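Source file: protein-v4.cif. Holds: mmCIF, C-alpha atoms and all ligand atoms.
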data_run
loop_
_atom_site.label_atom_id
_atom_site.label_comp_id
_atom_site.auth_asym_id
_atom_site.auth_seq_id
_atom_site.Cartn_x
_atom_site.Cartn_y
_atom_site.Cartn_z
CA MET O 1 -2.65 28.27 -3.59
CA ARG O 2 -2.01 24.52 -3.60
CA HIS O 3 1.63 23.51 -4.18
CA ALA O 4 2.56 27.14 -4.88
CA GLU O 5 6.18 26.43 -3.93
CA PHE O 6 6.56 24.61 -7.27
CA GLU O 7 4.33 26.87 -9.36
CA ASP O 8 5.18 30.43 -8.30
CA PRO O 9 8.59 31.62 -9.59
CA ARG O 10 9.32 33.52 -6.34
CA LEU O 11 8.69 30.41 -4.27
CA VAL O 12 10.59 28.20 -6.70
CA GLU O 13 13.63 30.37 -5.95
CA VAL O 14 13.07 29.75 -2.23
CA TYR O 15 12.73 25.99 -2.85
CA ASP O 16 16.03 25.95 -4.71
CA ALA O 17 17.77 27.99 -2.02
CA THR O 18 16.61 25.59 0.71
CA CYS O 19 17.18 22.32 -1.16
CA PRO O 20 20.84 22.03 -2.17
CA TRP O 21 22.54 18.74 -3.10
CA SER O 22 22.53 16.47 -0.04
CA ARG O 23 23.11 12.89 1.13
CA ASP O 24 19.64 12.10 -0.25
CA ASP O 25 20.98 12.79 -3.74
CA ASP O 26 24.13 10.75 -3.02
CA PHE O 27 21.86 7.83 -2.09
CA PHE O 28 19.88 8.07 -5.33
CA VAL O 29 23.07 8.36 -7.41
CA SER O 30 24.47 5.26 -5.71
CA VAL O 31 21.30 3.31 -6.49
CA VAL O 32 21.34 4.39 -10.13
CA GLU O 33 24.98 3.46 -10.50
CA GLU O 34 24.35 -0.03 -9.15
CA ALA O 35 22.46 -0.53 -12.41
CA GLY O 36 25.42 0.51 -14.53
CA ALA O 37 27.17 3.41 -16.18
CA GLU O 38 25.41 5.65 -18.67
CA ILE O 39 21.92 4.25 -18.19
CA ARG O 40 18.54 5.78 -19.07
CA VAL O 41 17.08 7.45 -15.99
CA LEU O 42 13.63 8.92 -15.42
CA ASP O 43 13.43 11.61 -12.72
CA LEU O 44 9.68 11.85 -12.17
CA GLY O 45 8.71 15.01 -10.27
CA CYS O 46 12.14 16.41 -11.07
CA GLY O 47 11.27 19.88 -9.77
CA THR O 48 14.08 22.35 -10.36
CA GLY O 49 16.32 19.60 -11.67
CA ARG O 50 19.06 19.30 -9.06
CA LEU O 51 19.35 15.49 -9.26
CA ALA O 52 18.51 15.21 -12.98
CA LEU O 53 21.37 17.59 -13.78
CA GLY O 54 23.74 15.78 -11.43
CA LEU O 55 22.96 12.43 -13.06
CA ALA O 56 23.33 13.85 -16.57
CA ALA O 57 26.72 15.30 -15.61
CA ARG O 58 27.74 11.75 -14.65
CA GLY O 59 26.96 10.50 -18.16
CA HIS O 60 23.46 9.13 -17.72
CA THR O 61 20.70 9.83 -20.23
CA VAL O 62 18.17 11.65 -18.09
CA THR O 63 14.54 12.60 -18.63
CA GLY O 64 13.04 14.99 -16.08
CA VAL O 65 9.25 15.09 -15.89
CA ASP O 66 7.21 17.51 -13.78
CA PRO O 67 3.81 19.20 -14.13
CA ALA O 68 5.03 22.48 -12.56
CA ALA O 69 6.04 24.89 -15.35
CA ALA O 70 7.84 27.34 -13.06
CA SER O 71 10.00 24.60 -11.55
CA LEU O 72 10.87 23.25 -15.00
CA ALA O 73 11.74 26.78 -16.17
CA ALA O 74 14.21 27.05 -13.29
CA ALA O 75 15.67 23.65 -14.20
CA ARG O 76 16.02 24.57 -17.88
CA ALA O 77 17.93 27.75 -16.93
CA LYS O 78 20.66 25.89 -15.02
CA PRO O 79 24.11 25.04 -16.39
CA GLY O 80 24.09 21.68 -18.16
CA ALA O 81 20.32 21.75 -18.69
CA ASP O 82 20.69 20.94 -22.39
CA ARG O 83 21.96 17.47 -21.40
CA VAL O 84 18.55 16.58 -19.93
CA THR O 85 15.24 15.98 -21.72
CA TRP O 86 12.66 18.03 -19.80
CA ILE O 87 8.96 17.18 -20.11
CA GLU O 88 6.17 19.23 -18.59
CA GLY O 89 3.62 16.64 -17.58
CA THR O 90 2.90 13.65 -15.39
CA SER O 91 3.57 9.92 -15.57
CA ALA O 92 0.75 9.65 -18.14
CA VAL O 93 3.12 10.96 -20.84
CA LEU O 94 5.84 8.35 -20.30
CA PRO O 95 6.81 6.18 -23.26
CA ASP O 96 6.73 2.40 -22.78
CA GLY O 97 9.86 0.38 -21.93
CA SER O 98 12.20 3.35 -22.14
CA PHE O 99 14.05 3.61 -18.83
CA ASP O 100 16.52 1.46 -16.92
CA ALA O 101 15.79 3.33 -13.70
CA ALA O 102 13.05 5.60 -12.39
CA LEU O 103 13.40 7.93 -9.42
CA MET O 104 10.94 9.96 -7.37
CA THR O 105 12.87 12.07 -4.88
CA SER O 106 12.19 14.50 -2.04
CA HIS O 107 8.95 12.70 -1.22
CA VAL O 108 7.23 13.12 -4.59
CA ALA O 109 5.48 9.81 -3.83
CA GLN O 110 3.52 11.49 -1.04
CA PHE O 111 1.88 13.89 -3.50
CA PHE O 112 -0.19 10.96 -4.83
CA VAL O 113 -2.81 11.22 -2.14
CA GLY O 114 -5.52 8.84 -3.31
CA ASP O 115 -5.13 5.10 -3.75
CA THR O 116 -6.41 5.28 -7.33
CA GLU O 117 -3.91 7.96 -8.43
CA TRP O 118 -1.08 6.12 -6.65
CA ALA O 119 -1.99 2.88 -8.43
CA ALA O 120 -2.16 4.71 -11.78
CA LEU O 121 1.25 6.28 -11.17
CA LEU O 122 2.80 2.91 -10.33
CA ALA O 123 1.23 1.34 -13.44
CA ASP O 124 2.65 4.14 -15.62
CA VAL O 125 6.15 3.78 -14.17
CA HIS O 126 5.98 0.00 -14.46
CA ARG O 127 5.23 0.16 -18.19
CA ALA O 128 7.87 2.91 -18.71
CA LEU O 129 10.65 0.75 -17.25
CA VAL O 130 12.42 -2.02 -19.15
CA PRO O 131 12.05 -5.51 -17.63
CA GLY O 132 14.40 -5.55 -14.64
CA GLY O 133 14.39 -1.75 -14.47
CA ARG O 134 14.28 -0.30 -10.98
CA LEU O 135 12.01 2.23 -9.30
CA THR O 136 13.50 4.00 -6.28
CA PHE O 137 11.76 6.57 -4.13
CA ASP O 138 11.64 8.10 -0.67
CA ALA O 139 8.57 8.49 1.50
CA ARG O 140 8.43 9.71 5.08
CA ASP O 141 7.73 6.94 7.59
CA PRO O 142 4.39 7.70 9.28
CA ASP O 143 5.69 6.05 12.47
CA ASP O 144 8.26 8.87 12.75
CA ARG O 145 5.47 11.49 12.97
CA GLY O 146 7.78 14.04 11.34
CA TRP O 147 4.97 16.57 10.85
CA GLU O 148 5.03 17.21 14.60
CA ARG O 149 8.52 18.72 14.18
CA TRP O 150 7.75 20.75 11.02
CA PRO O 151 6.64 23.98 12.78
CA GLU O 152 10.00 24.18 14.58
CA GLN O 153 12.05 23.05 11.57
CA TRP O 154 10.40 25.46 9.12
CA ASP O 155 10.54 28.53 11.35
CA ARG O 156 13.51 30.12 9.60
CA THR O 157 14.76 33.02 7.52
CA VAL O 158 16.22 32.11 4.16
CA ALA O 159 18.80 34.23 2.29
CA LEU O 160 18.04 34.24 -1.43
CA PRO O 161 20.85 34.00 -3.99
CA GLY O 162 19.44 36.98 -5.90
CA GLY O 163 19.51 39.09 -2.73
CA GLY O 164 16.97 39.64 0.00
CA THR O 165 15.50 37.25 2.53
CA VAL O 166 12.26 35.43 3.16
CA ALA O 167 10.86 34.35 6.51
CA GLN O 168 9.25 30.91 6.31
CA SER O 169 6.88 29.14 8.67
CA VAL O 170 4.56 26.14 8.52
CA GLU O 171 1.25 25.33 10.13
CA VAL O 172 -0.02 21.75 10.15
CA THR O 173 -3.76 22.15 9.68
CA ARG O 174 -5.06 18.57 9.73
CA VAL O 175 -3.78 15.07 10.45
CA ALA O 176 -6.21 12.28 9.69
CA GLY O 177 -6.33 8.91 7.96
CA GLY O 178 -2.73 8.97 6.74
CA LEU O 179 -3.14 12.49 5.34
CA VAL O 180 -1.27 15.52 6.62
CA SER O 181 -2.40 18.95 5.43
CA HIS O 182 -0.27 22.02 5.99
CA THR O 183 0.25 25.61 4.93
CA ILE O 184 3.70 27.07 4.32
CA ARG O 185 3.85 30.87 4.72
CA TYR O 186 6.47 33.13 3.19
CA ARG O 187 7.11 36.76 4.12
CA PHE O 188 9.55 38.49 1.77
CA ALA O 189 11.72 41.42 2.85
CA ASP O 190 9.71 43.67 0.49
CA GLY O 191 6.56 42.90 2.49
CA THR O 192 5.04 40.37 0.06
CA ASP O 193 3.20 37.54 1.79
CA LEU O 194 2.66 34.27 -0.07
CA ALA O 195 1.33 30.90 1.07
CA SER O 196 1.27 27.34 -0.22
CA ASP O 197 -1.18 24.66 0.88
CA ALA O 198 -0.63 20.94 0.47
CA THR O 199 -1.89 17.58 1.60
CA LEU O 200 0.57 14.72 1.70
CA ARG O 201 -0.16 11.00 2.08
CA PHE O 202 1.85 9.04 4.59
CA ARG O 203 1.79 5.34 3.63
CA SER O 204 3.13 2.63 5.91
CA GLU O 205 5.84 0.26 4.74
CA ALA O 206 3.19 -2.48 4.50
CA ASP O 207 0.96 -0.27 2.33
CA LEU O 208 3.86 0.60 0.04
CA ARG O 209 4.89 -3.03 -0.32
CA ARG O 210 1.31 -4.12 -1.05
CA SER O 211 0.68 -1.40 -3.65
CA LEU O 212 3.99 -2.09 -5.40
CA ALA O 213 3.25 -5.82 -5.55
CA ASP O 214 -0.23 -5.07 -6.92
CA ALA O 215 1.40 -3.00 -9.69
CA GLY O 216 3.71 -5.88 -10.62
CA PHE O 217 6.90 -4.69 -8.91
CA THR O 218 9.25 -6.84 -6.85
CA VAL O 219 10.34 -4.98 -3.72
CA GLU O 220 14.08 -5.52 -3.30
CA ALA O 221 14.59 -3.46 -0.16
CA VAL O 222 13.09 -0.79 2.06
CA PHE O 223 15.63 1.19 4.10
CA GLY O 224 14.97 3.58 6.96
CA GLY O 225 17.94 5.87 6.42
CA TRP O 226 20.17 7.30 3.73
CA ASP O 227 23.04 5.07 4.86
CA ARG O 228 20.74 2.07 4.24
CA ARG O 229 19.87 1.41 7.86
CA PRO O 230 16.78 -0.66 8.68
CA VAL O 231 13.36 0.96 8.87
CA GLY O 232 12.83 2.57 12.27
CA ALA O 233 16.54 2.96 12.97
CA GLY O 234 17.39 5.63 10.47
CA ASP O 235 16.17 9.00 9.31
CA GLY O 236 12.42 8.53 9.52
CA GLU O 237 12.35 7.55 5.85
CA LEU O 238 11.05 4.64 3.84
CA LEU O 239 13.56 4.35 1.00
CA VAL O 240 12.08 1.91 -1.47
CA LEU O 241 13.95 -0.09 -4.12
CA ALA O 242 11.64 -2.06 -6.40
CA SER O 243 12.11 -3.63 -9.79
CA ARG O 244 9.89 -4.43 -12.74
C1 LIG O 301 9.20 18.16 -3.12
S1 LIG O 301 9.29 18.47 -4.85
C2 LIG O 301 10.64 17.43 -5.30
C3 LIG O 301 11.38 17.93 -6.50
C4 LIG O 301 12.66 17.17 -6.84
N1 LIG O 301 12.41 15.76 -7.05
C5 LIG O 301 13.71 17.36 -5.77
O1 LIG O 301 14.27 16.37 -5.32
O2 LIG O 301 14.00 18.50 -5.42
C6 LIG O 301 7.89 17.59 -5.46
C7 LIG O 301 7.71 17.68 -6.96
O3 LIG O 301 6.68 16.79 -7.36
C8 LIG O 301 6.03 17.39 -8.43
N2 LIG O 301 4.73 16.74 -8.65
C9 LIG O 301 3.56 17.00 -8.05
N3 LIG O 301 2.59 16.23 -8.56
C10 LIG O 301 3.16 15.45 -9.51
C11 LIG O 301 2.69 14.45 -10.43
N4 LIG O 301 1.42 14.07 -10.45
N5 LIG O 301 3.58 13.89 -11.27
C12 LIG O 301 4.87 14.25 -11.26
N6 LIG O 301 5.39 15.20 -10.42
C13 LIG O 301 4.54 15.78 -9.57
C14 LIG O 301 5.92 18.85 -8.03
O4 LIG O 301 5.61 19.69 -9.11
C15 LIG O 301 7.30 19.08 -7.44
O5 LIG O 301 8.22 19.54 -8.40
#
For the file at hand, write its structure as structure tokens.
Ligand SMILES: C[S@@+](CC[C@H](N)C(=O)[O-])C[C@H]1O[C@@H](n2cnc3c(N)ncnc32)[C@H](O)[C@@H]1O
Amino acid sequence: MRHAEFEDPRLVEVYDATCPWSRDDDFFVSVVEEAGAEIRVLDLGCGTGRLALGLAARGHTVTGVDPAAASLAAARAKPGADRVTWIEGTSAVLPDGSFDAALMTSHVAQFFVGDTEWAALLADVHRALVPGGRLTFDARDPDDRGWERWPEQWDRTVALPGGGTVAQSVEVTRVAGGLVSHTIRYRFADGTDLASDATLRFRSEADLRRSLADAGFTVEAVFGGWDRRPVGAGDGELLVLASR
């Protein structure tokens, strides 16, 4: 199943167990708070809500949007969830001129595989921001060729908070034209085997800058690491700060 890790409740639990608060989240919080205290934040592709909840706890007015019902259900069940407005959907549902900041975190940007859907997403976010509002997102730098390390990185056994374990592995099935396809496999202690297929788009810094400019954004900065190092000298990331 495509993107099953966000759609299947058993895999959503695994996602949550393997994606705790990290320096990535600290980076996004710091960017939001450059814009001010208690601002209106859109977390697009909010998943199970880790960052949306963290921002709401800091006093921001947060809207979390995601098309994956099982991920949103996990988010809604967490402490503090009533402080966030959760919307099951995509950028198409966003109201105009309603957010001071928009975030797409944990490489949501790479889920927009085609140029047309990426351009439509950027247009939606552009109209949803107030003038001067900022879009911030992470994307893996294709020059880092991170997918070559995934099989080793993902070969692990995860302890689940509800008890039990799951053995996880990944196979990269195709790399071509900026697209990386892979299958994540899960073997639960009770013998259940599940799998999730995905294709992610790896855009270069130049491609990101060009597409953002085409959508009417001004690119303020692109960093290569969570401590705001230059591209190529950091964590294999392209951390993009752009404003409407
Ligand atoms: C890697 S997860 C990141 C979740 C969350 N941002 C985090 O930091 O943990 C990617 C998320 O993007 C969501 N997603 C996929 N396609 C999307 C779309 N067209 N619009 C918005 N979100 C989407 C998935 O459902 C999933 O929750």
Which polymer residues have any atom within 6 Å of an atom of segment 139-149 of chain O, counting all atoms listed in the file, with same-chain residues fewer than 6 positions away left out, as a list in words? His107, Phe202, Gly236, Glu237 and Leu238 of chain O
Let me make sure I understand: among O:Thr105, O:Asp190, O:His60, O:Ser169, which one has the smallest atom-to-atom distance to Glu33 of chain O if we use only C-alpha atoms? O:His60
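Around Ala56 of chain O, within 7 Å and counting only C-alpha atoms, the residues found are Ala52, His60, Thr61, Val62, Arg83 and Val84 of chain O, once anything fewer than 4 positions away on its own chain is removed.
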Ligand LIG 301 (chain O) neighbours within 7 Å using only C-alpha atoms and all ligand atoms, as a CSV table (one decimal) with C-alpha atoms, keeping the file's coordinate frame:
chain,number,residue,atom,x,y,z
O,6,PHE,CA,6.6,24.6,-7.3
O,19,CYS,CA,17.2,22.3,-1.2
O,44,LEU,CA,9.7,11.8,-12.2
O,45,GLY,CA,8.7,15.0,-10.3
O,46,CYS,CA,12.1,16.4,-11.1
O,47,GLY,CA,11.3,19.9,-9.8
O,48,THR,CA,14.1,22.4,-10.4
O,49,GLY,CA,16.3,19.6,-11.7
O,50,ARG,CA,19.1,19.3,-9.1
O,51,LEU,CA,19.4,15.5,-9.3
O,65,VAL,CA,9.2,15.1,-15.9
O,66,ASP,CA,7.2,17.5,-13.8
O,67,PRO,CA,3.8,19.2,-14.1
O,68,ALA,CA,5.0,22.5,-12.6
O,71,SER,CA,10.0,24.6,-11.6
O,89,GLY,CA,3.6,16.6,-17.6
O,90,THR,CA,2.9,13.6,-15.4
O,91,SER,CA,3.6,9.9,-15.6
O,104,MET,CA,10.9,10.0,-7.4
O,105,THR,CA,12.9,12.1,-4.9
O,106,SER,CA,12.2,14.5,-2.0
O,107,HIS,CA,9.0,12.7,-1.2
O,108,VAL,CA,7.2,13.1,-4.6
O,111,PHE,CA,1.9,13.9,-3.5
O,112,PHE,CA,-0.2,11.0,-4.8
Using all atoms listed in the file, which of O:Phe28, O:Trp118, O:Tyr15, O:Trp154 sits nearest Leu42 of chain O? O:Phe28
Which is closest to Asp24 of chain O among O:Phe137, O:Phe99, O:Phe188, O:Phe217, if we use only C-alpha atoms?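 Among the listed residues, the smallest separation from Asp24 of chain O belongs to O:Phe137.
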Missing atoms in segment 151-169 of chain O need filling: write out N, CA, C and O atoms for it as a short mmCIF file (atom, residue, chain, number, x, y, z; two decimals), in the frame of the given file.
data_model
loop_
_atom_site.label_atom_id
_atom_site.label_comp_id
_atom_site.auth_asym_id
_atom_site.auth_seq_id
_atom_site.Cartn_x
_atom_site.Cartn_y
_atom_site.Cartn_z
N PRO O 151 6.73 22.56 12.41
CA PRO O 151 6.64 23.98 12.78
C PRO O 151 7.98 24.53 13.28
O PRO O 151 8.36 25.65 12.94
N GLU O 152 8.69 23.71 14.08
CA GLU O 152 10.00 24.18 14.58
C GLU O 152 11.03 24.21 13.46
O GLU O 152 11.79 25.16 13.30
N GLN O 153 11.04 23.15 12.64
CA GLN O 153 12.05 23.05 11.57
C GLN O 153 11.89 24.15 10.51
O GLN O 153 12.87 24.61 9.95
N TRP O 154 10.65 24.53 10.22
CA TRP O 154 10.40 25.46 9.12
C TRP O 154 10.39 26.92 9.56
O TRP O 154 10.21 27.80 8.73
N ASP O 155 10.54 27.15 10.86
CA ASP O 155 10.54 28.53 11.35
C ASP O 155 11.94 29.09 11.14
O ASP O 155 12.82 28.94 11.97
N ARG O 156 12.15 29.71 9.97
CA ARG O 156 13.51 30.12 9.60
C ARG O 156 13.47 31.28 8.60
O ARG O 156 12.46 31.52 7.95
N THR O 157 14.62 31.97 8.52
CA THR O 157 14.76 33.02 7.52
C THR O 157 15.79 32.57 6.51
O THR O 157 16.88 32.13 6.86
N VAL O 158 15.40 32.63 5.25
CA VAL O 158 16.22 32.11 4.16
C VAL O 158 16.82 33.28 3.39
O VAL O 158 16.12 34.22 3.01
N ALA O 159 18.15 33.22 3.14
CA ALA O 159 18.80 34.23 2.29
C ALA O 159 18.69 33.76 0.84
O ALA O 159 19.00 32.61 0.53
N LEU O 160 18.23 34.62 -0.03
CA LEU O 160 18.04 34.24 -1.43
C LEU O 160 19.27 34.60 -2.25
O LEU O 160 19.90 35.65 -2.00
N PRO O 161 19.63 33.75 -3.21
CA PRO O 161 20.85 34.00 -3.99
C PRO O 161 20.81 35.32 -4.75
O PRO O 161 21.82 35.98 -4.94
N GLY O 162 19.59 35.72 -5.16
CA GLY O 162 19.44 36.98 -5.90
C GLY O 162 19.40 38.20 -4.99
O GLY O 162 19.14 39.31 -5.47
N GLY O 163 19.59 38.00 -3.68
CA GLY O 163 19.51 39.09 -2.73
C GLY O 163 18.19 39.06 -1.99
O GLY O 163 17.19 38.54 -2.49
N GLY O 164 18.19 39.60 -0.79
CA GLY O 164 16.97 39.64 0.00
C GLY O 164 16.79 38.37 0.83
O GLY O 164 17.57 37.40 0.70
N THR O 165 15.78 38.39 1.66
CA THR O 165 15.50 37.25 2.53
C THR O 165 14.01 36.97 2.49
O THR O 165 13.21 37.79 2.05
N VAL O 166 13.67 35.78 2.98
CA VAL O 166 12.26 35.43 3.16
C VAL O 166 12.13 34.66 4.46
O VAL O 166 12.93 33.78 4.75
N ALA O 167 11.14 35.06 5.27
CA ALA O 167 10.86 34.35 6.51
C ALA O 167 9.80 33.29 6.21
O ALA O 167 8.78 33.57 5.57
N GLN O 168 10.09 32.06 6.67
CA GLN O 168 9.25 30.91 6.31
C GLN O 168 8.69 30.30 7.59
O GLN O 168 9.38 30.25 8.61
N SER O 169 7.45 29.86 7.53
CA SER O 169 6.88 29.14 8.67
C SER O 169 5.88 28.12 8.14
O SER O 169 5.44 28.22 6.98
#
